[in-house]
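Chemist: You'll find target_8.cif just under this line, and it carries mmCIF, C-alpha atoms and all ligand atoms.
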data_run
#
loop_
_atom_site.label_atom_id
_atom_site.label_comp_id
_atom_site.auth_asym_id
_atom_site.auth_seq_id
_atom_site.Cartn_x
_atom_site.Cartn_y
_atom_site.Cartn_z
CA MET V 1 -9.00 -11.33 -1.88
CA VAL V 2 -11.85 -9.10 -3.05
CA ALA V 3 -13.49 -9.46 0.38
CA ILE V 4 -10.53 -8.06 2.29
CA ILE V 5 -9.85 -5.30 -0.24
CA LEU V 6 -13.40 -3.99 -0.11
CA GLY V 7 -13.89 -4.89 3.56
CA THR V 8 -10.81 -2.94 4.61
CA TYR V 9 -12.06 0.01 2.58
CA LEU V 10 -15.40 -0.11 4.42
CA GLN V 11 -13.56 -0.43 7.73
CA LYS V 12 -11.38 2.59 6.98
CA LYS V 13 -14.55 4.52 6.15
CA GLY V 14 -15.93 3.65 9.57
CA LEU V 15 -18.71 1.53 8.11
CA LEU V 16 -17.40 -1.68 9.69
CA THR V 17 -15.48 -2.38 12.88
CA TYR V 18 -12.35 -4.50 12.74
CA ASP V 19 -14.15 -7.35 14.52
CA GLN V 20 -17.04 -7.20 12.05
CA LEU V 21 -14.54 -7.38 9.19
CA GLU V 22 -12.78 -10.40 10.73
CA ASN V 23 -16.10 -12.13 11.17
CA LEU V 24 -17.17 -11.33 7.60
CA LEU V 25 -13.98 -12.84 6.20
CA LEU V 26 -14.85 -16.09 7.97
CA GLN V 27 -18.55 -16.02 7.08
CA GLN V 28 -18.17 -15.22 3.39
CA ARG V 29 -16.56 -18.59 2.74
CA LYS V 30 -19.71 -20.47 3.68
CA VAL V 31 -22.56 -18.17 2.64
CA HIS V 32 -25.19 -19.18 0.15
CA VAL V 33 -25.62 -16.32 -2.31
CA LYS V 34 -29.31 -15.58 -2.88
CA LEU V 35 -30.67 -14.98 -6.34
CA GLY V 36 -32.34 -11.74 -5.21
CA LEU V 37 -29.02 -10.29 -4.13
CA ILE V 38 -27.42 -11.08 -7.48
CA ALA V 39 -30.37 -9.52 -9.31
CA VAL V 40 -29.94 -6.31 -7.30
CA ALA V 41 -26.15 -6.31 -7.75
CA GLU V 42 -26.61 -6.71 -11.50
CA GLY V 43 -29.13 -3.86 -11.55
CA LEU V 44 -31.98 -6.06 -12.79
CA MET V 45 -34.12 -5.44 -9.72
CA THR V 46 -34.23 -2.86 -6.93
CA GLN V 47 -33.70 -3.78 -3.31
CA GLU V 48 -37.39 -3.09 -2.68
CA GLU V 49 -38.52 -5.46 -5.42
CA ALA V 50 -36.19 -8.18 -4.18
CA ASP V 51 -37.46 -7.72 -0.63
CA LYS V 52 -41.03 -7.98 -1.87
CA ILE V 53 -40.34 -11.28 -3.64
CA ASN V 54 -38.47 -12.59 -0.62
CA GLY V 55 -41.60 -11.84 1.39
CA MET V 56 -43.82 -13.66 -1.14
CA GLN V 57 -41.37 -16.56 -1.22
CA ALA V 58 -41.80 -17.14 2.51
CA ALA V 59 -45.57 -17.37 2.06
CA MET V 60 -45.65 -19.32 -1.21
CA ASP V 61 -42.95 -21.99 -0.82
CA LYS V 62 -41.70 -21.30 -4.35
CA ARG V 63 -38.25 -20.48 -5.64
CA PHE V 64 -37.21 -16.83 -5.90
CA GLY V 65 -36.49 -17.18 -9.63
CA ASP V 66 -39.89 -18.68 -10.40
CA ILE V 67 -41.76 -15.91 -8.58
CA ALA V 68 -39.61 -13.21 -10.21
CA ILE V 69 -40.46 -14.66 -13.64
CA GLU V 70 -44.19 -14.91 -12.81
CA GLN V 71 -44.21 -11.34 -11.61
CA GLY V 72 -42.44 -10.17 -14.74
CA TYR V 73 -39.26 -8.89 -13.06
CA LEU V 74 -36.89 -11.34 -14.71
CA THR V 75 -36.88 -13.53 -17.81
CA GLU V 76 -35.97 -17.20 -17.72
CA GLY V 77 -32.70 -16.42 -19.46
CA GLU V 78 -31.83 -13.81 -16.85
CA VAL V 79 -32.52 -16.23 -13.99
CA GLU V 80 -30.27 -18.80 -15.63
CA ALA V 81 -27.47 -16.25 -16.04
CA LEU V 82 -27.84 -15.04 -12.43
CA LEU V 83 -27.64 -18.59 -11.06
CA LYS V 84 -24.24 -18.97 -12.67
CA GLU V 85 -22.96 -16.06 -10.57
CA GLN V 86 -23.59 -17.79 -7.23
CA GLY V 87 -19.93 -18.74 -6.74
CA ASN V 88 -18.71 -15.17 -7.35
CA ALA V 89 -16.45 -13.95 -4.53
CA TYR V 90 -17.71 -10.36 -4.62
CA LEU V 91 -21.31 -11.53 -4.32
CA LYS V 92 -20.39 -13.86 -1.47
CA PHE V 93 -18.96 -10.88 0.35
CA ALA V 94 -22.13 -8.89 -0.40
CA GLN V 95 -24.28 -11.74 0.88
CA ALA V 96 -22.22 -12.03 4.08
CA LEU V 97 -22.68 -8.27 4.65
CA GLU V 98 -26.41 -8.68 4.19
CA ASP V 99 -26.64 -11.82 6.35
CA GLN V 100 -24.86 -9.99 9.16
CA GLN V 101 -27.31 -7.10 8.64
CA LEU V 102 -24.43 -4.70 8.14
CA MET V 103 -25.31 -3.42 4.69
CA THR V 104 -27.62 -4.21 1.76
CA VAL V 105 -26.14 -4.95 -1.64
CA GLU V 106 -27.62 -1.68 -2.88
CA GLN V 107 -25.69 0.22 -0.18
CA LEU V 108 -22.55 -1.78 -1.00
CA GLU V 109 -22.82 -0.87 -4.69
CA GLN V 110 -23.00 2.79 -3.65
CA CYS V 111 -19.79 2.37 -1.60
CA MET V 112 -18.15 0.65 -4.58
CA MET V 113 -18.74 3.78 -6.63
CA ASP V 114 -16.95 5.83 -3.97
CA PHE V 115 -14.14 3.26 -3.89
CA GLN V 116 -13.79 3.46 -7.66
CA VAL V 117 -13.64 7.25 -7.72
CA GLU V 118 -11.28 7.55 -4.74
CA ASN V 119 -8.86 5.04 -6.24
CA GLN V 120 -9.29 6.48 -9.74
CA MET V 121 -10.16 3.11 -11.16
CA THR V 122 -11.76 2.40 -14.49
CA PHE V 123 -14.77 0.10 -14.85
CA SER V 124 -12.47 -2.59 -16.14
CA ASP V 125 -10.22 -2.14 -13.07
CA MET V 126 -13.32 -2.68 -10.91
CA GLU V 127 -14.12 -5.84 -12.87
CA ASP V 128 -10.56 -7.01 -12.15
CA ILE V 129 -10.99 -6.38 -8.41
CA LYS V 130 -14.34 -8.19 -8.34
CA SER V 131 -12.91 -11.12 -10.31
CA ASP V 132 -10.99 -12.17 -7.18
CA ASP V 133 -8.27 -13.36 -9.58
CA VAL V 134 -4.82 -12.48 -8.24
CA ASP V 135 -3.38 -12.26 -11.75
CA ARG V 136 -5.91 -9.55 -12.57
CA ILE V 137 -5.71 -7.77 -9.20
CA LEU V 138 -1.93 -7.52 -8.78
CA PRO V 139 -1.30 -5.34 -11.88
CA LEU V 140 -3.54 -2.67 -10.33
CA TYR V 141 -1.03 -2.38 -7.47
CA ILE V 142 2.15 -2.24 -9.58
CA PRO V 143 3.22 1.28 -10.61
CA ALA V 144 3.17 2.13 -14.30
CA GLY V 145 6.39 1.21 -16.06
CA GLN V 146 7.32 -1.47 -13.51
CA GLU V 147 5.60 -4.39 -15.25
CA LYS V 148 8.89 -6.28 -15.29
CA TYR V 149 8.18 -7.18 -11.65
CA LEU V 150 4.78 -8.74 -12.40
CA ASP V 151 6.04 -12.31 -12.85
CA THR V 152 8.22 -12.45 -9.76
CA MET V 153 5.70 -10.64 -7.56
CA GLY V 154 2.86 -12.72 -8.99
CA THR V 155 4.56 -15.98 -8.00
CA ALA V 156 5.15 -14.59 -4.51
CA LEU V 157 1.60 -13.40 -3.99
CA ARG V 158 0.04 -16.61 -5.32
CA THR V 159 2.25 -18.68 -3.02
CA ILE V 160 1.42 -16.54 0.01
CA LEU V 161 -2.29 -16.78 -0.78
CA ARG V 162 -1.97 -20.56 -1.08
CA CYS V 163 0.30 -21.29 1.89
CA VAL V 164 -0.38 -18.48 4.38
CA ASP V 165 -3.76 -16.76 4.10
CA THR V 166 -6.43 -16.49 1.43
CA GLU V 167 -7.30 -12.92 2.42
CA ILE V 168 -4.45 -10.46 1.96
CA TYR V 169 -4.81 -6.70 1.70
CA LEU V 170 -2.40 -4.84 -0.56
CA GLU V 171 -1.17 -1.29 -0.78
CA LYS V 172 0.30 0.09 -3.96
CA ALA V 173 3.83 -1.18 -4.61
CA TYR V 174 6.68 1.31 -5.04
CA VAL V 175 10.28 1.34 -6.21
CA ALA V 176 12.76 1.99 -3.39
CA SER V 177 16.38 1.57 -2.39
CA GLU V 178 15.61 1.10 1.28
CA CYS V 179 12.85 -0.43 3.34
CA GLU V 180 12.69 -0.40 7.12
CA GLY V 181 12.01 -3.41 9.28
CA GLU V 182 13.38 -5.12 12.37
CA ASN V 183 13.46 -8.74 11.30
CA GLY V 184 13.05 -10.74 8.14
CA ALA V 185 14.58 -12.98 5.51
CA ILE V 186 16.03 -12.69 2.02
CA GLN V 187 16.88 -15.22 -0.67
CA TYR V 188 19.15 -14.76 -3.62
CA ILE V 189 18.65 -16.48 -6.97
CA ASP V 190 21.66 -16.54 -9.28
CA GLY V 191 22.32 -17.78 -12.80
CA GLU V 192 20.82 -16.89 -16.17
CA ARG V 193 18.42 -14.67 -14.27
CA ARG V 194 19.35 -12.97 -11.01
CA LEU V 195 16.95 -11.75 -8.40
CA THR V 196 16.44 -11.44 -4.66
CA TYR V 197 13.26 -11.92 -2.67
CA GLY V 198 12.88 -10.31 0.75
CA MET V 199 10.20 -10.26 3.42
CA ILE V 200 10.51 -8.01 6.48
CA GLY V 201 8.42 -6.63 9.31
CA ARG V 202 8.60 -4.64 12.50
CA GLY V 203 8.31 -6.22 15.93
CA GLN V 204 5.98 -9.20 15.77
CA ALA V 205 4.35 -8.27 12.44
CA LEU V 206 5.66 -11.38 10.65
CA LEU V 207 4.46 -13.70 13.41
CA PRO V 208 1.10 -14.64 11.84
CA VAL V 209 2.92 -15.50 8.58
CA ALA V 210 5.50 -17.64 10.38
CA CYS V 211 2.81 -19.45 12.40
CA ALA V 212 0.59 -20.09 9.37
CA PHE V 213 3.38 -21.28 7.10
CA GLY V 214 5.35 -23.19 9.76
CA LYS V 215 2.14 -24.68 11.21
CA GLU V 216 3.43 -23.88 14.69
CA GLU V 217 2.42 -21.47 17.46
CA PHE V 218 5.57 -19.37 17.68
CA GLN V 219 5.49 -16.96 20.63
CA GLU V 220 7.72 -14.31 19.10
CA MET V 221 9.80 -13.51 16.02
CA ASN V 222 12.82 -15.56 17.06
CA GLU V 223 15.20 -17.58 14.85
CA ASP V 224 12.75 -20.50 14.57
CA ALA V 225 9.96 -18.24 13.37
CA LEU V 226 12.32 -16.58 10.88
CA ASP V 227 13.38 -20.00 9.62
CA ALA V 228 9.73 -20.45 8.62
CA ILE V 229 9.80 -17.11 6.77
CA GLY V 230 13.01 -18.25 5.02
CA GLU V 231 11.36 -21.49 3.95
CA LEU V 232 8.38 -19.56 2.62
CA LEU V 233 10.80 -17.54 0.46
CA ASN V 234 12.42 -20.83 -0.56
CA CYS V 235 9.04 -22.09 -1.80
CA ILE V 236 8.41 -18.87 -3.69
CA SER V 237 11.89 -18.89 -5.25
CA GLY V 238 11.50 -22.55 -6.12
CA LEU V 239 8.19 -22.03 -7.86
CA TYR V 240 9.58 -19.07 -9.76
CA ALA V 241 12.69 -21.03 -10.78
CA ASN V 242 10.43 -23.88 -11.78
CA GLY V 243 8.42 -21.63 -14.04
CA ILE V 244 11.37 -20.11 -15.86
CA SER V 245 13.17 -23.45 -16.15
CA ARG V 246 10.28 -24.64 -18.31
CA GLY V 247 11.28 -21.82 -20.65
CA GLY V 248 14.86 -23.13 -20.59
CA VAL V 249 16.26 -20.55 -18.14
CA CYS V 250 18.61 -22.08 -15.58
CA VAL V 251 19.10 -20.60 -12.12
CA GLU V 252 20.54 -21.60 -8.78
CA LEU V 253 18.88 -20.92 -5.43
CA TYR V 254 21.00 -19.83 -2.48
CA PRO V 255 19.86 -20.86 1.00
CA PRO V 256 17.63 -18.16 2.54
CA GLU V 257 19.27 -15.86 5.08
CA TYR V 258 17.43 -14.39 8.03
CA SER V 259 18.11 -12.07 10.93
CA THR V 260 16.30 -11.00 14.08
CA ASP V 261 18.41 -7.92 14.32
CA ILE V 262 18.24 -5.58 11.35
CA SER V 263 17.15 -2.02 10.69
CA GLY V 264 15.90 -2.83 7.20
CA ILE V 265 16.91 -3.97 3.74
CA THR V 266 18.73 -2.04 1.05
CA CYS V 267 19.24 -2.43 -2.66
CA ASP V 268 20.08 -0.22 -5.65
CA GLU V 269 16.55 -0.75 -6.87
CA MET V 270 13.77 -3.01 -5.64
CA LEU V 271 10.01 -3.14 -5.80
CA VAL V 272 8.37 -3.07 -2.37
CA LEU V 273 4.81 -4.34 -1.92
CA PRO V 274 3.18 -3.57 1.44
CA LEU V 275 0.93 -6.45 2.53
CA TYR V 276 -1.49 -6.78 5.42
CA ILE V 277 -1.67 -10.37 6.60
CA LYS V 278 -4.02 -11.05 9.50
CA GLY V 279 -4.08 -7.34 10.21
CA GLN V 280 -0.28 -6.96 10.39
CA LYS V 281 1.59 -4.78 7.92
CA ILE V 282 4.69 -6.35 6.39
CA HIS V 283 6.82 -5.60 3.34
CA PHE V 284 7.58 -7.95 0.50
CA ALA V 285 10.42 -6.95 -1.83
CA VAL V 286 11.78 -8.14 -5.16
CA ALA V 287 14.97 -6.95 -6.83
CA MET V 288 16.01 -7.91 -10.33
CA GLU V 289 19.69 -7.96 -11.23
CA ASN V 290 20.47 -6.08 -8.01
CA LYS V 291 21.05 -7.90 -4.76
CA ILE V 292 19.04 -7.06 -1.65
CA GLU V 293 21.14 -6.85 1.51
CA MET V 294 20.02 -6.89 5.12
CA LYS V 295 21.11 -3.83 7.09
CA ARG V 296 22.39 -5.18 10.39
CA GLU V 297 22.00 -3.09 13.50
CA ALA V 298 25.30 -1.42 14.35
CA MET R 299 7.54 -49.27 8.01
CA ALA R 300 10.89 -47.70 7.38
CA ASN R 301 13.63 -45.93 9.31
CA ILE R 302 14.12 -42.55 7.69
CA LEU R 303 16.85 -39.91 7.99
CA ILE R 304 15.84 -36.28 7.33
CA VAL R 305 18.48 -33.90 5.95
CA ASP R 306 17.31 -30.28 5.60
CA ASP R 307 18.82 -26.96 6.71
CA SER R 308 15.44 -25.54 7.65
CA ARG R 309 14.02 -26.44 11.04
CA THR R 310 10.55 -25.65 9.71
CA SER R 311 10.94 -28.10 6.84
CA ARG R 312 12.35 -30.81 9.10
CA LYS R 313 9.45 -30.43 11.49
CA VAL R 314 6.78 -30.52 8.77
CA LEU R 315 8.47 -33.47 7.07
CA ARG R 316 8.87 -35.39 10.34
CA LYS R 317 5.17 -35.08 11.05
CA MET R 318 4.22 -36.26 7.55
CA ILE R 319 6.63 -39.21 7.76
CA GLU R 320 5.42 -40.25 11.19
CA ASP R 321 1.77 -39.86 10.18
CA ALA R 322 2.50 -42.23 7.30
CA GLY R 323 3.62 -44.79 9.89
CA HIS R 324 7.40 -44.54 9.52
CA THR R 325 10.13 -43.69 12.02
CA VAL R 326 12.47 -40.71 11.81
CA VAL R 327 15.82 -41.94 13.10
CA GLU R 328 17.59 -38.59 13.03
CA GLU R 329 17.40 -35.04 11.67
CA CYS R 330 20.46 -33.34 10.16
CA SER R 331 20.78 -29.71 9.16
CA ASN R 332 23.47 -29.97 6.50
CA GLY R 333 24.85 -32.40 3.93
CA GLU R 334 28.00 -33.24 5.81
CA GLU R 335 26.14 -34.25 8.95
CA GLY R 336 23.67 -36.14 6.77
CA TYR R 337 26.43 -38.18 5.14
CA LEU R 338 28.06 -39.04 8.48
CA LYS R 339 24.74 -40.00 10.07
CA TYR R 340 23.86 -42.15 7.07
CA LYS R 341 27.04 -44.19 7.52
CA GLU R 342 26.42 -44.48 11.24
CA LEU R 343 22.68 -45.30 11.23
CA LYS R 344 22.17 -47.00 7.85
CA PRO R 345 18.55 -45.87 7.51
CA ASP R 346 16.20 -47.47 4.94
CA LEU R 347 15.66 -44.12 3.31
CA VAL R 348 16.92 -40.52 3.31
CA THR R 349 15.00 -37.36 2.48
CA MET R 350 17.60 -34.90 1.21
CA ASP R 351 17.02 -31.18 0.73
CA ILE R 352 18.99 -29.79 -2.23
CA THR R 353 19.49 -26.15 -1.21
CA MET R 354 21.63 -26.19 1.94
CA PRO R 355 24.70 -24.31 3.15
CA LYS R 356 28.03 -26.13 3.68
CA LEU R 357 27.62 -29.38 1.75
CA ASP R 358 24.50 -29.17 -0.43
CA GLY R 359 22.11 -32.03 -1.11
CA LEU R 360 23.68 -33.07 -4.41
CA GLU R 361 27.15 -33.38 -2.90
CA ALA R 362 25.81 -35.32 0.08
CA LEU R 363 23.85 -37.61 -2.26
CA GLN R 364 27.03 -38.34 -4.20
CA LEU R 365 28.94 -39.24 -1.02
CA ILE R 366 26.15 -41.45 0.31
CA ILE R 367 25.79 -43.40 -2.95
CA LYS R 368 29.57 -43.79 -3.12
CA SER R 369 29.56 -45.41 0.31
CA ASP R 370 26.42 -47.48 -0.37
CA GLU R 371 25.25 -47.90 -3.94
CA ASP R 372 21.89 -49.29 -2.76
CA ALA R 373 21.08 -46.21 -0.66
CA LYS R 374 17.56 -44.88 -1.20
CA VAL R 375 17.59 -41.09 -1.30
CA ILE R 376 14.55 -38.92 -2.02
CA MET R 377 15.57 -35.43 -3.09
CA ILE R 378 13.48 -32.53 -1.79
CA THR R 379 13.67 -29.81 -4.41
CA ALA R 380 12.60 -26.22 -4.01
CA ALA R 381 12.56 -26.14 -7.77
CA SER R 382 12.63 -28.85 -10.33
CA GLN R 383 15.53 -27.12 -12.02
CA LYS R 384 16.43 -29.39 -14.87
CA GLU R 385 20.18 -29.35 -14.38
CA LYS R 386 20.02 -30.22 -10.69
CA MET R 387 17.54 -32.99 -11.34
CA ILE R 388 19.66 -34.45 -14.11
CA GLN R 389 22.67 -34.40 -11.79
CA ALA R 390 20.67 -35.99 -8.99
CA ILE R 391 19.46 -38.76 -11.32
CA LYS R 392 23.04 -39.37 -12.46
CA TYR R 393 24.22 -39.60 -8.87
CA GLY R 394 21.52 -42.17 -8.11
CA ALA R 395 18.58 -40.37 -6.48
CA SER R 396 15.55 -42.63 -6.03
CA GLU R 397 12.77 -40.05 -6.26
CA PHE R 398 11.94 -36.34 -6.06
CA ILE R 399 9.50 -34.32 -3.98
CA ALA R 400 8.92 -30.72 -5.03
CA LYS R 401 8.24 -27.95 -2.48
CA PRO R 402 5.64 -27.01 -1.42
CA TYR R 403 4.50 -30.59 -0.91
CA ASP R 404 1.66 -32.14 1.05
CA SER R 405 1.48 -35.30 3.15
CA GLU R 406 0.12 -37.28 0.21
CA ASP R 407 3.15 -36.38 -1.96
CA VAL R 408 5.49 -37.53 0.79
CA LYS R 409 3.60 -40.75 1.48
CA GLN R 410 3.46 -41.66 -2.20
CA ALA R 411 7.15 -40.99 -2.80
CA ILE R 412 8.19 -43.07 0.21
CA ASN R 413 5.91 -45.96 -0.73
CA LYS R 414 7.14 -45.92 -4.28
CA VAL R 415 10.77 -46.06 -3.24
CA LEU R 416 10.16 -48.74 -0.60
CA LYS R 417 8.35 -50.98 -3.08
CA LEU R 418 11.35 -50.71 -5.37
CA GLN R 419 13.44 -51.91 -2.48
CA ASN R 420 11.22 -54.96 -1.92
CA THR R 421 11.45 -56.31 -5.45
MG MG V 501 16.97 -25.77 2.23
#
Rewrite the coordinates I just gave you, this time as C-alpha cells.
Modeler:
Amino acid sequence: MVAIILGTYLQKKGLLTYDQLENLLLQQRKVHVKLGLIAVAEGLMTQEEADKINGMQAAMDKRFGDIAIEQGYLTEGEVEALLKEQGNAYLKFAQALEDQQLMTVEQLEQCMMDFQVENQMTFSDMEDIKSDDVDRILPLYIPAGQEKYLDTMGTALRTILRCVDTEIYLEKAYVASECEGENGAIQYIDGERRLTYGMIGRGQALLPVACAFGKEEFQEMNEDALDAIGELLNCISGLYANGISRGGVCVELYPPEYSTDISGITCDEMLVLPLYIKGQKIHFAVAMENKIEMKREA
Amino acid sequence: MANILIVDDSRTSRKVLRKMIEDAGHTVVEECSNGEEGYLKYKELKPDLVTMDITMPKLDGLEALQLIIKSDEDAKVIMITAASQKEKMIQAIKYGASEFIAKPYDSEDVKQAINKVLKLQNT
C-alpha cells in the first residue's frame, strides 16, 4: 500500500505519469532491492558514494557490502542490518523507481519530506506509512475522535486488500449523513452489536472491484456485478462477526442488498472512506448503531 | 466423484463454488438461490452432497438444512458460513450438518471439506 500512497503523491505532483505509476506498481513486486539503495535511504551513504561503489563492483566482481566495508563507508554490523531491510515495501518502491530511471532514492527522500510537511505528518506517522502495515496506516486516515470505527473499517480494508487489490489509495475518512453514488450494496448486521457496511460508486467505478472479487469480466455495473459487491460485503461482515464472536458477542448477518439505481446512501451518522481501486474512486461506509439506507432514484 | 447441489443466494458465490467443485472432479447437478428451492431440489435429485449457504433471504440455510435432514437423515450437507458465529454453528451441528466452510474460502478448503464428508459416507 505504501507504493500507491507515495506513487499517487508523485503522480499528483507531476513527477510521474499515470502509466509510469501503473507500471511501477507491477514492477515493485519483483524488484531486488540493492544494498546501495538501502544505505542511501538510511542516510549512511550519499548517492554519489553508492554510485562509485556500484562502478567498482562492476569491475571487481565483489559484493557491494564487502567493497563498502573495505572502503570504510560501512561497518560489518551496518551491512548486516541493511541486508535485513531488503524485503521492505518502501525500499522496493524506491528500487523500482530507480530501476525505471524515474528517480534516485535521494530524490525520493526529498519528495518524502515534502509529503510529510504537506500532510502534516509526524516522523512516527511516516514510519507507519513506510511500514506498509494496514493496521498502522489506516489510523492516519481516520479523523480524530472517530477511533470507534477502526475495527470495522480495519476488517473491511484488510479484506479488500486480500481479495480485490493489494494496492489501494486512501483519502481521509469523514463522518457524514449522506454519500452520493449511482450503484452499490449495503449489508446490515444485527444483534448484540449493530452496524451496516456499504460500498457505492458512480457509473462504472465499482467495476474493477466486481471483476476482481467475482473473478469474472463483467462489462458493466449490472445486477450480476453488484451481486459480487454484495458478496464482498458478506465476506467483510462475516470476518468482522467472526472476530467479535470470539469475544462472545453474537450477531446475525442479513443478506446483502444491492441496487443499480440509487442516488446515494443515507444514515444518521456513518464514516465514509474514499478509496481508489485500480484508479477508480469509490466510497466505503460503516455505520454503528444507525442503519444505512439506499436512496432510490425517484 | 460426487453429484453436488449448490444452494446460495449469490450468483457470484455459486459461480466460484461451481468452478472449485468441478475442478475437484465432481459434478454440480443444480444451483439453487434460496433454501426453499434447495430443499425441493434435494428431494427431487437426491444428490450425494449439498453445499448450503447460511445467509439467504426467504428460507435461510439453517431452516433448509433442517428440512433436508428431516426428509433424509443421511443427507450430507456442508454449510457455507460467512461467519463462524457460534450460535449458528451449534444449531447447524444439532440439525445434522456434515461440515463447515468459512468465507472467504479457497479451492483447497472446498476440496478438503468435500473429501472429508465423502470418506465419512464410504465407511
Ligand atoms: Mg448468502
Chemist: Could you list the protein, DNA and RNA residues that have any atom within 6 Å of ligand MG 501 (chain V), counting all atoms listed in the file, and write them as number ranges by chain?
Modeler: V: 255; R: 306-308, 351, 353-354
Chemist: Counting all atoms listed in the file, a student should be able to say which residues of chain R come within 12 Å of chain V; what is the right answer, written as an mmCIF file with C-alpha atoms, keeping the file's coordinate frame?
Modeler:
data_model
loop_
_atom_site.group_PDB
_atom_site.id
_atom_site.type_symbol
_atom_site.label_atom_id
_atom_site.label_comp_id
_atom_site.auth_asym_id
_atom_site.auth_seq_id
_atom_site.Cartn_x
_atom_site.Cartn_y
_atom_site.Cartn_z
ATOM 1 C CA ASP R 306 17.310 -30.280 5.600
ATOM 2 C CA ASP R 307 18.820 -26.960 6.710
ATOM 3 C CA SER R 308 15.440 -25.540 7.650
ATOM 4 C CA ARG R 309 14.020 -26.440 11.040
ATOM 5 C CA THR R 310 10.550 -25.650 9.710
ATOM 6 C CA SER R 311 10.940 -28.100 6.840
ATOM 7 C CA ARG R 312 12.350 -30.810 9.100
ATOM 8 C CA LYS R 313 9.450 -30.430 11.490
ATOM 9 C CA VAL R 314 6.780 -30.520 8.770
ATOM 10 C CA LEU R 315 8.470 -33.470 7.070
ATOM 11 C CA LYS R 317 5.170 -35.080 11.050
ATOM 12 C CA ASN R 332 23.470 -29.970 6.500
ATOM 13 C CA ASP R 351 17.020 -31.180 0.730
ATOM 14 C CA ILE R 352 18.990 -29.790 -2.230
ATOM 15 C CA THR R 353 19.490 -26.150 -1.210
ATOM 16 C CA MET R 354 21.630 -26.190 1.940
ATOM 17 C CA PRO R 355 24.700 -24.310 3.150
ATOM 18 C CA LYS R 356 28.030 -26.130 3.680
ATOM 19 C CA LEU R 357 27.620 -29.380 1.750
ATOM 20 C CA ASP R 358 24.500 -29.170 -0.430
ATOM 21 C CA GLY R 359 22.110 -32.030 -1.110
ATOM 22 C CA ILE R 378 13.480 -32.530 -1.790
ATOM 23 C CA THR R 379 13.670 -29.810 -4.410
ATOM 24 C CA ALA R 380 12.600 -26.220 -4.010
ATOM 25 C CA ALA R 381 12.560 -26.140 -7.770
ATOM 26 C CA SER R 382 12.630 -28.850 -10.330
ATOM 27 C CA GLN R 383 15.530 -27.120 -12.020
ATOM 28 C CA LYS R 384 16.430 -29.390 -14.870
ATOM 29 C CA GLU R 385 20.180 -29.350 -14.380
ATOM 30 C CA LYS R 386 20.020 -30.220 -10.690
ATOM 31 C CA MET R 387 17.540 -32.990 -11.340
ATOM 32 C CA ALA R 400 8.920 -30.720 -5.030
ATOM 33 C CA LYS R 401 8.240 -27.950 -2.480
ATOM 34 C CA PRO R 402 5.640 -27.010 -1.420
ATOM 35 C CA TYR R 403 4.500 -30.590 -0.910
ATOM 36 C CA ASP R 404 1.660 -32.140 1.050
#
Chemist: Identify, on the basis of all atoms listed in the file, every residue whose closest approach to range 370-372 of chain R does not exceed 10 Å; exclude the query and any residue fewer than 6 positions from it along the same chain; express the result as a VMD selection string.
Modeler: chain R and resid 340 to 341 344 346 364 393 to 394 396 419
Chemist: Selected residues, C-alpha atoms, written as a PDB file, in the frame of the given file, please.
Modeler:
ATOM      1  CA  TYR R 340      23.860 -42.150   7.070  1.00  0.00           C
ATOM      2  CA  LYS R 341      27.040 -44.190   7.520  1.00  0.00           C
ATOM      3  CA  LYS R 344      22.170 -47.000   7.850  1.00  0.00           C
ATOM      4  CA  ASP R 346      16.200 -47.470   4.940  1.00  0.00           C
ATOM      5  CA  GLN R 364      27.030 -38.340  -4.200  1.00  0.00           C
ATOM      6  CA  TYR R 393      24.220 -39.600  -8.870  1.00  0.00           C
ATOM      7  CA  GLY R 394      21.520 -42.170  -8.110  1.00  0.00           C
ATOM      8  CA  SER R 396      15.550 -42.630  -6.030  1.00  0.00           C
ATOM      9  CA  GLN R 419      13.440 -51.910  -2.480  1.00  0.00           C
TER      10      GLN R 419
END
Chemist: Figure out the distance between CA of Lys172 in chain V and CA of Met294 in chain V, please, to one decimal in Å.
Modeler: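 Going from CA of Met294 in chain V over to CA of Lys172 in chain V covers 22.8 Å.
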Chemist: Kindly extract all protein, DNA and RNA residues lying within 8 Å of the coordinates (-10.3, -13.8, -7.6) given in the file, considering all atoms listed in the file, and supply them as a ChimeraX atom specification.
Modeler: /V:1-2,89,129-134,136-137
Chemist: Would you kindly return, as an MDAnalysis selection string, each protein, DNA or RNA residue with an atom no farther than 8 Å from any atom of Ala373 in chain R, considering only C-alpha atoms and excluding same-chain residues fewer than 6 positions away?
Modeler: chainID R and resid 346:347 366:367
Chemist: Quick one: of R:Ile302, R:Glu361, R:Lys368, R:Met318, who's nearest to Asp407 in chain R, counting all atoms listed in the file?
Modeler: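 Among the listed residues, R:Met318 lies closest to Asp407 in chain R.
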Chemist: For a test of reading the model, state the distance in Å between CA of Thr75 in chain V and CA of Asn88 in chain V, rounded to one decimal.
Modeler: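 Value for the CA of Thr75 in chain V-CA of Asn88 in chain V distance: 21.0 Å.
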Chemist: So, counting all atoms listed in the file, which residue among V:Lys13, V:Lys278, V:Lys62, V:Lys52 is closest to Pro208 in chain V?
Modeler: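 With all atoms listed in the file as the atom set, the closest residue is V:Lys278.
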Chemist: Give the answer as one residue: which of V:Ala285, V:Ala3, V:Leu37, V:Leu195 has the shortest atom-to-atom distance to Gln86 in chain V, using only C-alpha atoms?
Modeler: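 Looking only at the distances to Gln86 in chain V, the closest residue turns out to be V:Leu37.
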Chemist: Measuring atom to atom with only C-alpha atoms, identify which of R:Tyr337, R:Leu343, R:Ile388, R:Gly323 is nearest to Leu365 in chain R.
Modeler: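 The closest residue to Leu365 in chain R is R:Tyr337.
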Chemist: Using all atoms listed in the file, find all polymer residues with an atom at most 7 Å away from the point (13.5, -10.9, -5.2); report them as a list in words.
Modeler: Leu195, Thr196, Tyr197, Gly198, Ala285, Val286, Ala287 and Met288 of chain V
Chemist: Which neighbours of range 30-35 of chain V fall inside 10 Å, counting all atoms listed in the file, when residues of the same chain fewer than 6 positions from it are skipped, and could you give them as a list in words?
Modeler: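 So the residues in contact are Ala41, Ala50, Asn54, Arg63, Phe64, Gly65, Ala68, Val79, Leu82, Leu83, Lys84, Glu85, Gln86, Gly87, Asn88, Ala89, Leu91, Lys92, Phe93, Ala94, Gln95, Ala96 and Asp99 of chain V.
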Chemist: Within 12 Å of Gly145 in chain V, counting all atoms listed in the file, which residues qualify if same-chain residues fewer than 2 places away don't, as a PyMOL selection string?
Modeler: chain V and resi 139+141-143+147-150+173-175+271
